[in-house]
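These notes concern the structure reproduced below.
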Amino acid sequence: MSDYQIATNCLHAGYHPGNGEPRNFPIVQSTTFRYETSEEMGKLFDLEASGYFYTRLQNPTNDHVAAKICALEGGTAAMLTSSGQAANFYAVFNIASCGDHVVASSAIYGGTYNLFAVTMKRMGIEFTFVEPDCSEEELNAAFRPNTKAVFGETIANPALSVLDIEKFANAAHSHGVPLIVDNTFPTPINCRPFEWGADIVTHSTTKYMDGHANAVGGAIVDSGRFDWTKHPDKFPGLCTPDESYHGVTYTERFGLEGAFITKATAQLMRDFGSIPAPMNAYLLNVGLETLPLRMARHCENALAVARYLQAHPKVAWVRFPGLTGDSQYELARKYMPNGTCGVVSFGVKGGRKAAEKFMAGLKLASIATHVADAKTCVLHPASATHRQMNDAELAAAGISPDLVRFSVGIEDSKDLIADIENALAGV
């Protein structure tokens with residue numbers, strides 16, 4: 001499908017029905033798969049043959065959708081997970097373990113920050129957080145001999161900082177480690193991080209990819225370009241025998257194109273089991289088919305809302321990367337010239353209390369712990385998704401106490417602006 005445009009691949013990649021087969025791929029709602037002999041099944045357990053034996057590791061429905069997302073990002077291998085949080089955990093834990101270190105942008109989703117700074121720290125993995133606009137010298141100073149990866153978000157949730165992918169990729173590669181990029185907000189429709197030097201891409205498919213708040217999910221895509229074998233001491237899990245599979249070495253058996261995802265599936269999915277239900281994968285695919293159409297409308301509506309807010313006397317500030325004059329505008333034009341996302345962050349004059357009063361006055365937009373679906377929703381991150389952070393951590397993540405995250409849906413923009421105008425009138 002590489003010859004097709006991305007909008008065509010949203011419909012057709014990942015599944016090719018034969019003569020008389022269903023145009024929509026089937027939901028394989030089965031935990032197990034039957035084999036004629038133990039020898040055939042044994043080859044699957046030894047990673048000597050491809051196939052399915054237990055849905056905790058792999059399922060055909062899931063793999064069709066993973067293949068589609070892989071094609072959209074331009075990768076060589078991909079897998080689905082049960083959530084975006086699981087995708088980020090797997091992507092890092094697949095190459096970093098107790099005693100290792102990771103460099104990460106400080107402007108990331110609060111749940112991811114907590115995963116790194118608290119939970120994975122308890123597992124013995126240390127994280128150094130750097131501001132996304134740090135200098136090259138500051139970025140390079142964050143690396144240690146035991147650094148195994150660099151992590152960032154294309155567009156940070158909810159600070160809306162744009163990652164300078166080339167800068168972070170160059171620093172990562174100069175230290176012999178991959179760059180992992182969470183590409184949830186722009187989706188591959190608006191940004192393909194592999195084209196700018198990223199090595200691994202993750203997604204919370206719960207957001208724009210699904211698009212309808214139907215199913216929680218995540219995805220990991222490998223570019224297949226990072227050469228793990230140049231740094232075997234850094235990545236023994238990929239470059240030395242895995243005794244739990246009779247000594248298979250992933251880079252030797254599956255090459256650079258398949259080693260990372262095969263290990264994540266064979267080891268991490270086997271042991272942690274955070275795989276999406278086949279029905280959830282099917283629902284995700286339904287969303288993927290209209291992703292280009294929805295992203296265009298999200299971006300169009302968000303720009304209209306951002307412009308309205310920018311001119312309103314009760315609004316203290318507005319952050320939207322697609323807005324002329326925004327501090328992130330030039331980076332956004334470089335990496336996402338056709339649009340960014342549908343999320344606008346802003347502050348209401350009067351601080352936290354004013355922000356809460358504004359949100360209570362909305363009728364069309366819903367207060368919800370969600371973002372990036374067809375219906376408009378709004379959240380106060382300091383009180384919700386990032387409430388585990390102290391003031392210093394909030395500031396480092398680019399989140400002020402008055403920040404309102406407004407996820408613009410695909411409703412008529414006139415109705416959205418009227419709803420905002422009415423709510424601001426009550427502040």
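Letters for chains follow the order of the structure tokens (A, B, ...), residue numbers begin at 1 for each chain, and ligand numbers begin at 1 in the order shown.
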
Mind checking which residues fall within 8 Å of segment 142-150 of chain A, counting only C-alpha atoms, ignoring those fewer than 4 positions away in the same chain, and posting them as a VMD selection string?
-> chain A and resid 92 95 to 96 99 to 104 128 130 138 168 172 175 177 to 180 234 to 235

Output C-alpha atoms for every residue in that selection, as a PDB file, in the first residue's frame.
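Below is the file part-v8.pdb, written as the result:
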ATOM      1  CA  VAL A  92      10.332   2.444  27.112  1.00  0.00           C
ATOM      2  CA  ILE A  95      14.772  -1.282  26.118  1.00  0.00           C
ATOM      3  CA  ALA A  96      15.222   0.192  29.624  1.00  0.00           C
ATOM      4  CA  GLY A  99      19.561   0.705  36.649  1.00  0.00           C
ATOM      5  CA  ASP A 100      18.928   2.471  33.352  1.00  0.00           C
ATOM      6  CA  HIS A 101      18.174   6.095  32.535  1.00  0.00           C
ATOM      7  CA  VAL A 102      15.893   7.927  30.082  1.00  0.00           C
ATOM      8  CA  VAL A 103      15.805  11.561  28.957  1.00  0.00           C
ATOM      9  CA  ALA A 104      12.280  12.944  28.524  1.00  0.00           C
ATOM     10  CA  THR A 128      15.743  13.326  33.580  1.00  0.00           C
ATOM     11  CA  VAL A 130      14.225  18.687  30.070  1.00  0.00           C
ATOM     12  CA  GLU A 138      21.257  21.610  27.909  1.00  0.00           C
ATOM     13  CA  PHE A 168      15.871  15.666  19.938  1.00  0.00           C
ATOM     14  CA  ALA A 172      19.528  10.872  20.874  1.00  0.00           C
ATOM     15  CA  HIS A 175      24.454   9.265  22.212  1.00  0.00           C
ATOM     16  CA  VAL A 177      19.899   5.771  21.692  1.00  0.00           C
ATOM     17  CA  PRO A 178      16.514   5.985  19.923  1.00  0.00           C
ATOM     18  CA  LEU A 179      13.979   8.798  20.036  1.00  0.00           C
ATOM     19  CA  ILE A 180      10.481   7.715  21.072  1.00  0.00           C
ATOM     20  CA  LYS A 234      23.164  -0.760  25.580  1.00  0.00           C
ATOM     21  CA  PHE A 235      20.454  -3.070  24.275  1.00  0.00           C
TER      22      PHE A 235
END

Just the residues within 10 Å of Arg294 of chain A, please, counting only C-alpha atoms, with nothing from its chain fewer than 3 positions along; format it as a ChimeraX atom specification.
-> /A:208-209,211,287-291,297-300,342,373-374,409-410

With C-alpha atoms kept, could you save the residues just selected as a PDB file, in the first residue's frame?
ATOM      1  CA  TYR A 208      -8.353  11.142  17.375  1.00  0.00           C
ATOM      2  CA  MET A 209      -7.667   7.734  15.836  1.00  0.00           C
ATOM      3  CA  GLY A 211     -12.401   9.632  17.343  1.00  0.00           C
ATOM      4  CA  GLY A 287     -12.521   5.583  13.362  1.00  0.00           C
ATOM      5  CA  LEU A 288      -9.343   5.323  11.297  1.00  0.00           C
ATOM      6  CA  GLU A 289     -11.344   5.213   8.076  1.00  0.00           C
ATOM      7  CA  THR A 290     -12.575   8.801   8.564  1.00  0.00           C
ATOM      8  CA  LEU A 291      -9.464  10.165  10.308  1.00  0.00           C
ATOM      9  CA  ARG A 297     -12.487  19.693  10.610  1.00  0.00           C
ATOM     10  CA  HIS A 298     -10.913  19.589  14.074  1.00  0.00           C
ATOM     11  CA  CYS A 299      -8.091  21.868  12.938  1.00  0.00           C
ATOM     12  CA  GLU A 300     -10.430  24.250  11.129  1.00  0.00           C
ATOM     13  CA  GLY A 342      -8.067  20.383  17.631  1.00  0.00           C
ATOM     14  CA  ASP A 373     -12.973  13.062  19.946  1.00  0.00           C
ATOM     15  CA  ALA A 374     -15.840  14.194  17.737  1.00  0.00           C
ATOM     16  CA  GLY A 409     -14.923  18.770  18.224  1.00  0.00           C
ATOM     17  CA  ILE A 410     -16.438  18.628  14.769  1.00  0.00           C
TER      18      ILE A 410
END

Pairwise distance, atom CA of Leu160 of chain A with atom CA of Ile420 of chain A, equals 20.2 Å

Of A:Leu283, A:Glu136, A:Asp46, A:Gln85, the one sitting nearest Asn114 of chain A when using only C-alpha atoms is A:Gln85

Residues near Pro186 of chain A, cut-off 12 Å, only C-alpha atoms, skip fewer than 3 positions along chain, as a PyMOL selection string = chain A and resi 73+153-157+160+162-163+181-183+189-193+202-205+207-209+291-292+294-296+298-299+321-322+332+335-343+372

Just-selected residues, N, CA and C atoms written as a short mmCIF file (atom, residue, chain, number, x, y, z; two decimals), in the first residue's frame:
data_model
loop_
_atom_site.label_atom_id
_atom_site.label_comp_id
_atom_site.auth_asym_id
_atom_site.auth_seq_id
_atom_site.Cartn_x
_atom_site.Cartn_y
_atom_site.Cartn_z
N GLU A 73 2.01 5.54 9.52
CA GLU A 73 3.21 6.18 10.06
C GLU A 73 4.45 5.94 9.20
N GLU A 153 6.65 14.29 23.23
CA GLU A 153 5.35 14.30 22.55
C GLU A 153 5.40 15.30 21.40
N THR A 154 4.89 14.92 20.25
CA THR A 154 4.88 15.80 19.09
C THR A 154 4.25 17.14 19.44
N ILE A 155 3.02 17.07 19.97
CA ILE A 155 2.35 18.23 20.56
C ILE A 155 1.99 17.82 21.98
N ALA A 156 2.52 18.54 22.95
CA ALA A 156 2.34 18.14 24.35
C ALA A 156 0.90 18.35 24.80
N ASN A 157 0.42 17.42 25.59
CA ASN A 157 -0.93 17.48 26.17
C ASN A 157 -0.80 17.85 27.65
N LEU A 160 0.59 22.07 24.76
CA LEU A 160 0.62 22.35 23.32
C LEU A 160 1.98 22.83 22.85
N VAL A 162 5.35 22.25 20.93
CA VAL A 162 5.71 21.44 19.77
C VAL A 162 7.15 20.95 19.94
N LEU A 163 7.35 19.66 19.84
CA LEU A 163 8.68 19.09 20.00
C LEU A 163 9.52 19.36 18.75
N VAL A 181 8.62 9.01 20.19
CA VAL A 181 7.73 10.16 20.11
C VAL A 181 6.27 9.72 20.21
N ASP A 182 5.55 10.32 21.14
CA ASP A 182 4.10 10.12 21.26
C ASP A 182 3.44 11.07 20.26
N ASN A 183 2.82 10.52 19.24
CA ASN A 183 2.26 11.32 18.13
C ASN A 183 0.74 11.39 18.19
N ILE A 189 -1.77 11.89 10.12
CA ILE A 189 -2.36 12.74 9.10
C ILE A 189 -1.63 14.08 9.04
N ASN A 190 -1.26 14.62 10.20
CA ASN A 190 -0.62 15.94 10.25
C ASN A 190 0.87 15.90 10.52
N CYS A 191 1.38 14.80 11.03
CA CYS A 191 2.82 14.71 11.29
C CYS A 191 3.26 13.25 11.26
N ARG A 192 4.37 12.99 10.58
CA ARG A 192 4.95 11.65 10.57
C ARG A 192 6.37 11.77 11.13
N PRO A 193 6.53 11.52 12.42
CA PRO A 193 7.82 11.75 13.09
C PRO A 193 9.00 10.99 12.49
N THR A 202 4.53 6.25 19.37
CA THR A 202 3.43 5.69 20.15
C THR A 202 2.18 6.53 19.94
N HIS A 203 1.05 5.95 20.27
CA HIS A 203 -0.24 6.65 20.18
C HIS A 203 -1.16 6.21 21.31
N SER A 204 -1.93 7.16 21.81
CA SER A 204 -3.16 6.81 22.50
C SER A 204 -4.23 6.81 21.42
N THR A 205 -4.58 5.63 20.94
CA THR A 205 -5.58 5.54 19.87
C THR A 205 -6.97 5.91 20.38
N LYS A 207 -7.81 8.62 21.37
CA LYS A 207 -8.07 10.00 20.99
C LYS A 207 -8.54 10.09 19.53
N TYR A 208 -7.86 10.88 18.72
CA TYR A 208 -8.35 11.14 17.37
C TYR A 208 -8.49 9.89 16.52
N MET A 209 -7.60 8.92 16.69
CA MET A 209 -7.67 7.73 15.84
C MET A 209 -9.01 7.02 15.98
N LEU A 291 -10.43 9.31 9.61
CA LEU A 291 -9.46 10.16 10.31
C LEU A 291 -9.06 11.41 9.51
N PRO A 292 -8.75 11.31 8.21
CA PRO A 292 -8.35 12.53 7.48
C PRO A 292 -9.45 13.58 7.44
N ARG A 294 -11.93 14.00 9.62
CA ARG A 294 -12.16 14.58 10.95
C ARG A 294 -11.02 15.50 11.37
N MET A 295 -9.79 15.12 11.08
CA MET A 295 -8.66 15.96 11.49
C MET A 295 -8.73 17.33 10.81
N ALA A 296 -9.13 17.36 9.56
CA ALA A 296 -9.26 18.64 8.86
C ALA A 296 -10.30 19.52 9.54
N HIS A 298 -11.41 19.23 12.74
CA HIS A 298 -10.91 19.59 14.07
C HIS A 298 -9.99 20.81 13.99
N CYS A 299 -9.06 20.78 13.06
CA CYS A 299 -8.09 21.87 12.94
C CYS A 299 -8.77 23.17 12.51
N PRO A 321 -0.94 26.02 18.50
CA PRO A 321 0.21 26.07 17.60
C PRO A 321 -0.11 26.55 16.19
N GLY A 322 -1.36 26.44 15.78
CA GLY A 322 -1.73 26.89 14.45
C GLY A 322 -2.10 28.35 14.37
N ALA A 332 5.50 24.51 14.47
CA ALA A 332 4.33 23.81 13.94
C ALA A 332 4.30 23.87 12.41
N TYR A 335 6.92 21.22 11.14
CA TYR A 335 6.59 19.80 11.28
C TYR A 335 5.15 19.45 10.90
N MET A 336 4.26 20.42 10.93
CA MET A 336 2.85 20.17 10.65
C MET A 336 2.25 21.28 9.79
N PRO A 337 2.71 21.41 8.56
CA PRO A 337 2.27 22.53 7.72
C PRO A 337 0.80 22.47 7.33
N ASN A 338 0.18 21.29 7.41
CA ASN A 338 -1.21 21.16 6.99
C ASN A 338 -2.20 21.21 8.15
N GLY A 339 -1.71 21.46 9.37
CA GLY A 339 -2.60 21.51 10.53
C GLY A 339 -1.96 20.81 11.71
N THR A 340 -2.41 21.15 12.90
CA THR A 340 -1.81 20.59 14.11
C THR A 340 -2.76 19.62 14.80
N CYS A 341 -3.74 20.16 15.52
CA CYS A 341 -4.70 19.32 16.24
C CYS A 341 -5.92 20.18 16.54
N GLY A 342 -6.85 19.64 17.31
CA GLY A 342 -8.07 20.38 17.63
C GLY A 342 -8.13 20.86 19.06
N VAL A 343 -7.00 20.89 19.75
CA VAL A 343 -6.98 21.28 21.15
C VAL A 343 -6.46 22.71 21.29
N ALA A 372 -9.92 15.06 22.29
CA ALA A 372 -9.68 14.61 20.91
C ALA A 372 -10.69 13.59 20.40
#

Can you list, as a ChimeraX atom specification, every protein, DNA or RNA residue that comes within 10 Å of Phe45 of chain A when you count only C-alpha atoms, leaving out same-chain residues fewer than 6 positions away?
-> /A:39,51-53,244-246,266

Extract, using only C-alpha atoms, all DNA, RNA and protein residues at most 9 Å from Thr61 of chain A, discarding same-chain residues fewer than 4 positions from it, and format them as JSON, numbers by chain.
-> {"A": [25, 26, 27, 28, 29, 65, 66, 278, 279, 281, 282]}

Given the selection you just returned, output its residues as a file containing N, CA and C atoms, formatted as a PDB file, in the first residue's frame.
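Wrote out-v6.pdb, looks like this:
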ATOM      1  N   PHE A  25     -12.817  -6.584   7.762  1.00  0.00           N
ATOM      2  CA  PHE A  25     -12.198  -7.766   8.359  1.00  0.00           C
ATOM      3  C   PHE A  25     -13.003  -8.241   9.572  1.00  0.00           C
ATOM      4  N   PRO A  26     -12.992  -9.539   9.816  1.00  0.00           N
ATOM      5  CA  PRO A  26     -13.821 -10.100  10.890  1.00  0.00           C
ATOM      6  C   PRO A  26     -13.268  -9.806  12.280  1.00  0.00           C
ATOM      7  N   ILE A  27     -14.163  -9.793  13.244  1.00  0.00           N
ATOM      8  CA  ILE A  27     -13.783  -9.691  14.647  1.00  0.00           C
ATOM      9  C   ILE A  27     -13.530 -11.118  15.144  1.00  0.00           C
ATOM     10  N   VAL A  28     -12.282 -11.436  15.380  1.00  0.00           N
ATOM     11  CA  VAL A  28     -11.929 -12.786  15.846  1.00  0.00           C
ATOM     12  C   VAL A  28     -12.036 -12.782  17.368  1.00  0.00           C
ATOM     13  N   GLN A  29     -13.253 -12.993  17.841  1.00  0.00           N
ATOM     14  CA  GLN A  29     -13.531 -12.930  19.281  1.00  0.00           C
ATOM     15  C   GLN A  29     -13.297 -14.304  19.896  1.00  0.00           C
ATOM     16  N   VAL A  65      -5.382  -4.018  12.292  1.00  0.00           N
ATOM     17  CA  VAL A  65      -5.420  -2.592  12.626  1.00  0.00           C
ATOM     18  C   VAL A  65      -4.007  -2.067  12.867  1.00  0.00           C
ATOM     19  N   ALA A  66      -3.177  -2.863  13.548  1.00  0.00           N
ATOM     20  CA  ALA A  66      -1.785  -2.459  13.767  1.00  0.00           C
ATOM     21  C   ALA A  66      -1.067  -2.262  12.434  1.00  0.00           C
ATOM     22  N   PRO A 278     -10.482  -7.659  20.736  1.00  0.00           N
ATOM     23  CA  PRO A 278     -10.672  -7.555  19.290  1.00  0.00           C
ATOM     24  C   PRO A 278     -11.791  -6.594  18.901  1.00  0.00           C
ATOM     25  N   MET A 279     -12.856  -6.540  19.699  1.00  0.00           N
ATOM     26  CA  MET A 279     -13.946  -5.615  19.399  1.00  0.00           C
ATOM     27  C   MET A 279     -13.458  -4.173  19.463  1.00  0.00           C
ATOM     28  N   ALA A 281     -10.413  -3.150  18.862  1.00  0.00           N
ATOM     29  CA  ALA A 281      -9.600  -2.928  17.675  1.00  0.00           C
ATOM     30  C   ALA A 281     -10.479  -2.670  16.458  1.00  0.00           C
ATOM     31  N   TYR A 282     -11.575  -3.402  16.357  1.00  0.00           N
ATOM     32  CA  TYR A 282     -12.511  -3.204  15.249  1.00  0.00           C
ATOM     33  C   TYR A 282     -13.102  -1.794  15.280  1.00  0.00           C
TER      34      TYR A 282
END

Just give me the gap between atom CA of Leu139 of chain A and atom CA of Gly176 of chain A in Å, one decimal is fine.
->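 These two atoms are separated by 14.3 Å.
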
Taking the chain letters and numbering used in this document, name the residues of segment 288-418 of chain A that DSSP puts in strand (DSSP E), as a list in words.
-> Val315, Ala316, Trp317, Val318, Arg319, Val343, Val344, Ser345, Phe346, Gly347, Val348, Ser366, Ile367, Cys377, Val378, Leu379, Leu403, Val404, Arg405, Phe406 and Ser407 of chain A

Please indicate the distance in Å from atom CA of Val318 of chain A to atom CA of Ser345 of chain A, rounded to one decimal place.
->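 Taking atom CA of Val318 of chain A and atom CA of Ser345 of chain A, their separation equals 6.0 Å.
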
Using only C-alpha atoms, which protein or nucleic acid residues come within 12 Å of Tyr250 of chain A? Drop anything in the same chain fewer than 4 positions from it, and give the result as a tab-separated table (two decimals) with C-alpha atoms, in the first residue's frame.
chain	number	residue	atom	x	y	z
A	46	ASP	CA	9.77	-21.00	19.97
A	47	LEU	CA	9.18	-18.05	17.60
A	48	GLU	CA	10.07	-20.30	14.68
A	228	TRP	CA	20.43	-1.77	17.83
A	229	THR	CA	23.40	-3.94	16.84
A	232	PRO	CA	24.81	-4.24	21.78
A	235	PHE	CA	20.45	-3.07	24.27
A	236	PRO	CA	21.20	-6.61	25.45
A	237	GLY	CA	17.51	-7.52	25.38
A	238	LEU	CA	17.52	-7.15	21.61
A	239	CYS	CA	21.09	-8.18	20.83
A	240	THR	CA	21.74	-11.17	23.12
A	241	PRO	CA	19.89	-14.49	23.49
A	242	ASP	CA	16.53	-14.51	25.26
A	243	GLU	CA	16.52	-17.62	27.44
A	245	TYR	CA	12.57	-18.40	24.07
A	246	HIS	CA	15.37	-20.98	23.91
A	254	PHE	CA	13.80	-10.70	12.98
A	255	GLY	CA	16.19	-8.04	11.70
A	256	LEU	CA	16.13	-4.34	12.50
A	257	GLU	CA	12.66	-4.09	10.94
A	258	GLY	CA	11.00	-6.53	13.34
A	259	ALA	CA	13.16	-6.99	16.43
A	260	PHE	CA	11.69	-4.24	18.63
A	261	ILE	CA	8.00	-5.08	18.10
A	262	THR	CA	8.59	-8.84	18.23
A	263	LYS	CA	10.34	-8.52	21.59
A	264	ALA	CA	7.60	-6.22	22.93
A	265	THR	CA	4.96	-8.73	21.86
A	266	ALA	CA	6.78	-11.93	22.81
A	267	GLN	CA	8.03	-10.68	26.19

From a DSSP calculation on the backbone, collect every residue of segment 249-407 of chain A in alpha helix (DSSP H) and output the set as a ChimeraX atom specification.
-> /A:250-263,270-272,278-289,291-310,329-335,351-360,391-396

Of the residues A:Leu403, A:Ala78, A:Ala117, A:Ala107, which is the one nearest to Cys134 of chain A, using only C-alpha atoms?
->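 Of A:Leu403, A:Ala78, A:Ala117, A:Ala107, the one nearest Cys134 of chain A is A:Ala107, counting only C-alpha atoms.
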
In terms of the shortest atom-to-atom distance over only C-alpha atoms, which of A:Pro158, A:Pro188, A:Gly197, A:Gly347 is closest to His370 of chain A?
-> A:Pro158
